[in-house]
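These notes concern the structure reproduced below.
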Amino acid sequence: MAIEFSRTVTFYEGEWLDGNPALVGPRSHVFWLGSSVFDGARWFDGLAPDLDLHAARVNRSALALGLQPTVEAAEIVRLAHEGLARFDGRTAVYIRPMYWAEDGGYMGVPADPATTRFCLCLYESPMIASTGFTLGVSSFRRPTPETMPTAAKAGCLYPNNARAIMEAKGRGYDNALVRDVVGNVAETGTSNIFMAKDGVVYTPVPNGCFLNGITRQRVMGLLRKDGVEVIEKSLSVEDFMQADEIFSTGNHSKVVPVTGIEGRALKVGAFAEQARELYFAFARQGKNSTAELQLEKAGG
């Protein structure tokens, strides 16, 4: 039975393909050993904020997974705009550059970087409404850099996030609050996380177990520039249970409030609204993001 997809176009080996083209087979390294990385940028309302940063990050992710990036970040940006012209301009579009390995090295296990493939997939995907979502604390933990390629936005990391989300949904929540291996809060199953207490905004300090997101960094900078004290530190589940408000940041829908955690209801807070307003005001400016945002070594 064929799966119905929203309007989708994919650039692969010099041409644009419609729909969901078959690009790998059962002998492809990525199919059975998971050697894929990707990134996600967004187009909405004629805007594609920080597209250049997402394009640069997918190349860093490829290197972190032992792949060889083959397309310069600037060319990924150019191709994205070329592909966006194929849409009607009414529905938000997800922009997903990807690399994967076609073949393996020693005994087939490590990826052979010489067989790295690239595609750029664009598809219609409406933004999530800013009404908010609920969180349940997951029993699953984020891996450490010693156990998984956490410096990369790698496909092999996401089954663990999926387990956390499915567990949370099984308990009646929308998403999962995920901890690192020592029990500090890391992120949600799909985004970075912030909380506010007594007029100060806090967010988990990057420790290599989760991605220091591009939208996360952008929102931190915008809030600080607007006079808000934002502190990165180790945070416990109890800190979040006692928070005045919680919100998340991520590429898919940028800034979204959390309306409940483990059965405790939360109102949409002033900081979440401020962060959202600041982010979309920044996006509408359409400035060169690379010159404005200093990415940290943790890898955005």
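In the structure tokens, each chain is lettered A, B, ... as it comes, each chain's residues begin at 1, and ligands are numbered from 1 in order of appearance.
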DSSP-assigned strand (DSSP E) among range 19-66 of chain A, expressed as a PyMOL selection string: chain A and resi 36-38+41-43
How would the residues just chosen look if you wrote them out with all heavy atoms as a PDB file, in the first residue's frame?
ATOM      1  N   SER A  36      23.597   7.703   8.279  1.00  0.00           N
ATOM      2  CA  SER A  36      22.977   8.884   7.686  1.00  0.00           C
ATOM      3  C   SER A  36      23.031  10.066   8.636  1.00  0.00           C
ATOM      4  O   SER A  36      22.974   9.907   9.857  1.00  0.00           O
ATOM      5  CB  SER A  36      21.509   8.608   7.334  1.00  0.00           C
ATOM      6  OG  SER A  36      20.727   8.482   8.507  1.00  0.00           O
ATOM      7  N   VAL A  37      23.157  11.257   8.065  1.00  0.00           N
ATOM      8  CA  VAL A  37      23.020  12.499   8.816  1.00  0.00           C
ATOM      9  C   VAL A  37      22.093  13.413   8.019  1.00  0.00           C
ATOM     10  O   VAL A  37      21.917  13.246   6.810  1.00  0.00           O
ATOM     11  CB  VAL A  37      24.369  13.215   9.061  1.00  0.00           C
ATOM     12  CG1 VAL A  37      25.299  12.364   9.902  1.00  0.00           C
ATOM     13  CG2 VAL A  37      25.041  13.603   7.740  1.00  0.00           C
ATOM     14  N   PHE A  38      21.506  14.354   8.709  1.00  0.00           N
ATOM     15  CA  PHE A  38      20.597  15.287   8.034  1.00  0.00           C
ATOM     16  C   PHE A  38      20.588  16.589   8.800  1.00  0.00           C
ATOM     17  O   PHE A  38      21.170  16.708   9.880  1.00  0.00           O
ATOM     18  CB  PHE A  38      19.175  14.709   7.972  1.00  0.00           C
ATOM     19  CG  PHE A  38      18.477  14.660   9.309  1.00  0.00           C
ATOM     20  CD1 PHE A  38      17.579  15.661   9.675  1.00  0.00           C
ATOM     21  CD2 PHE A  38      18.720  13.626  10.201  1.00  0.00           C
ATOM     22  CE1 PHE A  38      16.941  15.628  10.902  1.00  0.00           C
ATOM     23  CE2 PHE A  38      18.086  13.586  11.438  1.00  0.00           C
ATOM     24  CZ  PHE A  38      17.193  14.591  11.784  1.00  0.00           C
ATOM     25  N   ALA A  41      15.958  22.822   8.031  1.00  0.00           N
ATOM     26  CA  ALA A  41      15.686  24.255   8.042  1.00  0.00           C
ATOM     27  C   ALA A  41      14.231  24.443   7.650  1.00  0.00           C
ATOM     28  O   ALA A  41      13.546  23.495   7.258  1.00  0.00           O
ATOM     29  CB  ALA A  41      16.612  25.001   7.090  1.00  0.00           C
ATOM     30  N   ARG A  42      13.764  25.675   7.762  1.00  0.00           N
ATOM     31  CA  ARG A  42      12.355  25.947   7.524  1.00  0.00           C
ATOM     32  C   ARG A  42      12.168  27.117   6.572  1.00  0.00           C
ATOM     33  O   ARG A  42      12.933  28.087   6.614  1.00  0.00           O
ATOM     34  CB  ARG A  42      11.672  26.294   8.842  1.00  0.00           C
ATOM     35  CG  ARG A  42      11.200  25.103   9.631  1.00  0.00           C
ATOM     36  CD  ARG A  42      10.212  24.264   8.890  1.00  0.00           C
ATOM     37  NE  ARG A  42       9.081  23.850   9.697  1.00  0.00           N
ATOM     38  CZ  ARG A  42       7.950  23.410   9.199  1.00  0.00           C
ATOM     39  NH1 ARG A  42       7.782  23.354   7.895  1.00  0.00           N
ATOM     40  NH2 ARG A  42       6.975  23.023   9.967  1.00  0.00           N
ATOM     41  N   TRP A  43      11.148  27.000   5.722  1.00  0.00           N
ATOM     42  CA  TRP A  43      10.669  28.133   4.944  1.00  0.00           C
ATOM     43  C   TRP A  43       9.224  28.376   5.347  1.00  0.00           C
ATOM     44  O   TRP A  43       8.415  27.439   5.403  1.00  0.00           O
ATOM     45  CB  TRP A  43      10.733  27.842   3.446  1.00  0.00           C
ATOM     46  CG  TRP A  43      10.192  28.977   2.614  1.00  0.00           C
ATOM     47  CD1 TRP A  43      10.897  29.993   2.051  1.00  0.00           C
ATOM     48  CD2 TRP A  43       8.814  29.205   2.272  1.00  0.00           C
ATOM     49  NE1 TRP A  43      10.054  30.858   1.388  1.00  0.00           N
ATOM     50  CE2 TRP A  43       8.764  30.394   1.517  1.00  0.00           C
ATOM     51  CE3 TRP A  43       7.619  28.534   2.550  1.00  0.00           C
ATOM     52  CZ2 TRP A  43       7.574  30.917   1.020  1.00  0.00           C
ATOM     53  CZ3 TRP A  43       6.432  29.051   2.059  1.00  0.00           C
ATOM     54  CH2 TRP A  43       6.421  30.227   1.300  1.00  0.00           C
TER      55      TRP A  43
END
Nearby residues (only C-alpha atoms) at most 6 Å from range 6-23 of chain A, same-chain spacing under 6 positions excluded, as an MDAnalysis selection string: chainID A and resid 119:124
Using only C-alpha atoms, what does the table of range 102-198 of chain A residues within 9 Å of range 264-269 of chain A look like, with each row giving the shortest atom pair and its distance in Å to one decimal, sorted by chain and ascending number, as JSON lines?
{"residue": "A:Thr131", "atom": "CA", "partner": "A:Val268", "partner_atom": "CA", "distance": 8.1}
{"residue": "A:Gly132", "atom": "CA", "partner": "A:Val268", "partner_atom": "CA", "distance": 7.6}
{"residue": "A:Thr134", "atom": "CA", "partner": "A:Ala265", "partner_atom": "CA", "distance": 8.5}
{"residue": "A:Ala196", "atom": "CA", "partner": "A:Gly269", "partner_atom": "CA", "distance": 8.7}
Could you save those same residues with C-alpha atoms as a PDB file, in the first residue's frame?
ATOM      1  CA  THR A 131      -0.921  26.562  21.724  1.00  0.00           C
ATOM      2  CA  GLY A 132       1.608  24.316  23.441  1.00  0.00           C
ATOM      3  CA  THR A 134       2.556  18.536  27.519  1.00  0.00           C
ATOM      4  CA  ALA A 196      11.865  30.300  33.841  1.00  0.00           C
TER       5      ALA A 196
END
Contacts of range 245-260 of chain A within 9 Å, only C-alpha atoms, excl. fewer than 3 positions in-chain, as a VMD selection string: chain A and resid 40 to 42 94 125 to 136 173 187 to 188 190 to 197 213 to 216 219 240 242 263 to 273 275 to 276 279 to 280
Would you put the residues from that selection into a file with C-alpha atoms, as a PDB file, in the first residue's frame?
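Okay, this is what ended up in part_20.pdb:
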ATOM      1  CA  GLY A  40      16.396  20.674   9.015  1.00  0.00           C
ATOM      2  CA  ALA A  41      15.686  24.255   8.042  1.00  0.00           C
ATOM      3  CA  ARG A  42      12.355  25.947   7.524  1.00  0.00           C
ATOM      4  CA  TYR A  94      10.717  21.640   5.624  1.00  0.00           C
ATOM      5  CA  SER A 125       4.930  20.637   6.498  1.00  0.00           C
ATOM      6  CA  PRO A 126       2.737  23.139   8.368  1.00  0.00           C
ATOM      7  CA  MET A 127       4.123  24.787  11.496  1.00  0.00           C
ATOM      8  CA  ILE A 128       2.810  23.442  14.820  1.00  0.00           C
ATOM      9  CA  ALA A 129       0.374  25.846  16.464  1.00  0.00           C
ATOM     10  CA  SER A 130       1.785  27.848  19.380  1.00  0.00           C
ATOM     11  CA  THR A 131      -0.921  26.562  21.724  1.00  0.00           C
ATOM     12  CA  GLY A 132       1.608  24.316  23.441  1.00  0.00           C
ATOM     13  CA  PHE A 133       2.180  20.682  24.403  1.00  0.00           C
ATOM     14  CA  THR A 134       2.556  18.536  27.519  1.00  0.00           C
ATOM     15  CA  LEU A 135       5.595  16.639  28.778  1.00  0.00           C
ATOM     16  CA  GLY A 136       6.111  13.377  30.613  1.00  0.00           C
ATOM     17  CA  TYR A 173       1.499  13.211  27.285  1.00  0.00           C
ATOM     18  CA  GLU A 187      15.970  18.141  25.978  1.00  0.00           C
ATOM     19  CA  THR A 188      12.547  16.995  24.856  1.00  0.00           C
ATOM     20  CA  THR A 190      12.076  16.704  19.544  1.00  0.00           C
ATOM     21  CA  SER A 191      13.544  20.022  20.716  1.00  0.00           C
ATOM     22  CA  ASN A 192      15.675  21.988  23.147  1.00  0.00           C
ATOM     23  CA  ILE A 193      14.070  23.058  26.403  1.00  0.00           C
ATOM     24  CA  PHE A 194      13.935  26.232  28.526  1.00  0.00           C
ATOM     25  CA  MET A 195      12.348  27.101  31.871  1.00  0.00           C
ATOM     26  CA  ALA A 196      11.865  30.300  33.841  1.00  0.00           C
ATOM     27  CA  LYS A 197      11.906  30.848  37.587  1.00  0.00           C
ATOM     28  CA  GLY A 213      20.504  23.802  18.597  1.00  0.00           C
ATOM     29  CA  ILE A 214      20.709  26.654  16.122  1.00  0.00           C
ATOM     30  CA  THR A 215      17.263  27.944  17.125  1.00  0.00           C
ATOM     31  CA  ARG A 216      18.232  27.469  20.789  1.00  0.00           C
ATOM     32  CA  VAL A 219      16.620  32.533  20.995  1.00  0.00           C
ATOM     33  CA  PHE A 240      11.318  21.885  35.841  1.00  0.00           C
ATOM     34  CA  GLN A 242       8.907  23.916  40.126  1.00  0.00           C
ATOM     35  CA  GLY A 263       0.185  16.267  35.329  1.00  0.00           C
ATOM     36  CA  ARG A 264       0.994  19.797  36.511  1.00  0.00           C
ATOM     37  CA  ALA A 265      -0.732  22.386  34.309  1.00  0.00           C
ATOM     38  CA  LEU A 266       1.248  25.418  33.143  1.00  0.00           C
ATOM     39  CA  LYS A 267       0.095  28.658  31.582  1.00  0.00           C
ATOM     40  CA  VAL A 268       1.759  30.046  28.485  1.00  0.00           C
ATOM     41  CA  GLY A 269       4.326  32.350  30.038  1.00  0.00           C
ATOM     42  CA  ALA A 270       5.559  35.835  29.249  1.00  0.00           C
ATOM     43  CA  PHE A 271       9.065  34.622  28.379  1.00  0.00           C
ATOM     44  CA  ALA A 272       7.731  32.097  25.860  1.00  0.00           C
ATOM     45  CA  GLU A 273       5.674  34.818  24.206  1.00  0.00           C
ATOM     46  CA  ALA A 275      10.969  34.605  22.773  1.00  0.00           C
ATOM     47  CA  ARG A 276       8.481  33.789  20.026  1.00  0.00           C
ATOM     48  CA  TYR A 279      12.373  35.140  16.938  1.00  0.00           C
ATOM     49  CA  PHE A 280       9.809  35.955  14.267  1.00  0.00           C
TER      50      PHE A 280
END
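Across A:Ile261, A:Val77, A:Ala111, A:Leu53, the tightest approach to His29 in chain A is made by A:Ala111 when counting only C-alpha atoms.
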DSSP helix (DSSP H, G or I) residues within range 229-265 of chain A, as a list in words: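 Everything in range 229-265 of chain A that counts as helix (DSSP H, G or I) is Val237, Glu238, Asp239, Phe240 and Met241 of chain A.
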Distance criterion (only C-alpha atoms): nearest to Thr70 in chain A out of A:Pro49, A:Pro113, A:Gly104, A:Gly89: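 Among the listed residues, the smallest separation from Thr70 in chain A belongs to A:Pro113.
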Two-atom distance - CA of Val93 in chain A, CA of Ala62 in chain A (Å):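 CA of Ala62 in chain A lies at a distance of 23.1 Å from CA of Val93 in chain A.
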Within 9 Å of Ser139 in chain A using only C-alpha atoms, minus same-chain residues under 2 positions, as an NGL selection string: :A and (137 or 141 or 164 or 167 or 178-179)
Using only N, CA and C atoms, please write the residues we just selected to a file, as a short mmCIF file (atom, residue, chain, number, x, y, z; two decimals), in the first residue's frame.
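After the write, part_28.cif holds the following:
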data_model
loop_
_atom_site.label_atom_id
_atom_site.label_comp_id
_atom_site.auth_asym_id
_atom_site.auth_seq_id
_atom_site.Cartn_x
_atom_site.Cartn_y
_atom_site.Cartn_z
N VAL A 137 8.08 12.79 31.91
CA VAL A 137 9.50 12.48 32.10
C VAL A 137 9.76 11.06 31.62
N ARG A 141 17.32 7.61 28.43
CA ARG A 141 18.31 8.65 28.60
C ARG A 141 19.02 8.97 27.28
N ALA A 164 11.35 7.38 23.66
CA ALA A 164 10.94 8.30 24.72
C ALA A 164 9.58 8.92 24.43
N GLU A 167 6.78 6.31 24.77
CA GLU A 167 6.54 6.05 26.20
C GLU A 167 5.68 7.16 26.80
N VAL A 178 13.60 14.40 28.39
CA VAL A 178 14.64 13.38 28.37
C VAL A 178 15.85 13.86 29.16
N ARG A 179 16.39 12.97 29.99
CA ARG A 179 17.56 13.30 30.81
C ARG A 179 18.83 12.73 30.19
#
From A:Ala154, A:Ala80, A:Val71, A:Leu33, residue lying nearest Asp103 in chain A [only C-alpha atoms]: A:Leu33
A:Met166, A:Leu235, A:Ala55, A:Val200 ranked by distance to Arg78 in chain A, top pick (using only C-alpha atoms): A:Ala55
Of the listed residues A:Gln68, A:Ala73, A:Asp50, A:Pro145, that which approaches Gln217 in chain A most closely, counting only C-alpha atoms: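 For Gln217 in chain A, the nearest of the given residues is A:Asp50.
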Counting only C-alpha atoms, the option among A:Ala48, A:Met220, A:Leu79, A:Leu211 closest to Lys153 in chain A: A:Leu211
Between CA of Gly83 in chain A and CA of Ser28 in chain A, distance in Å (one decimal): 26.2 Å
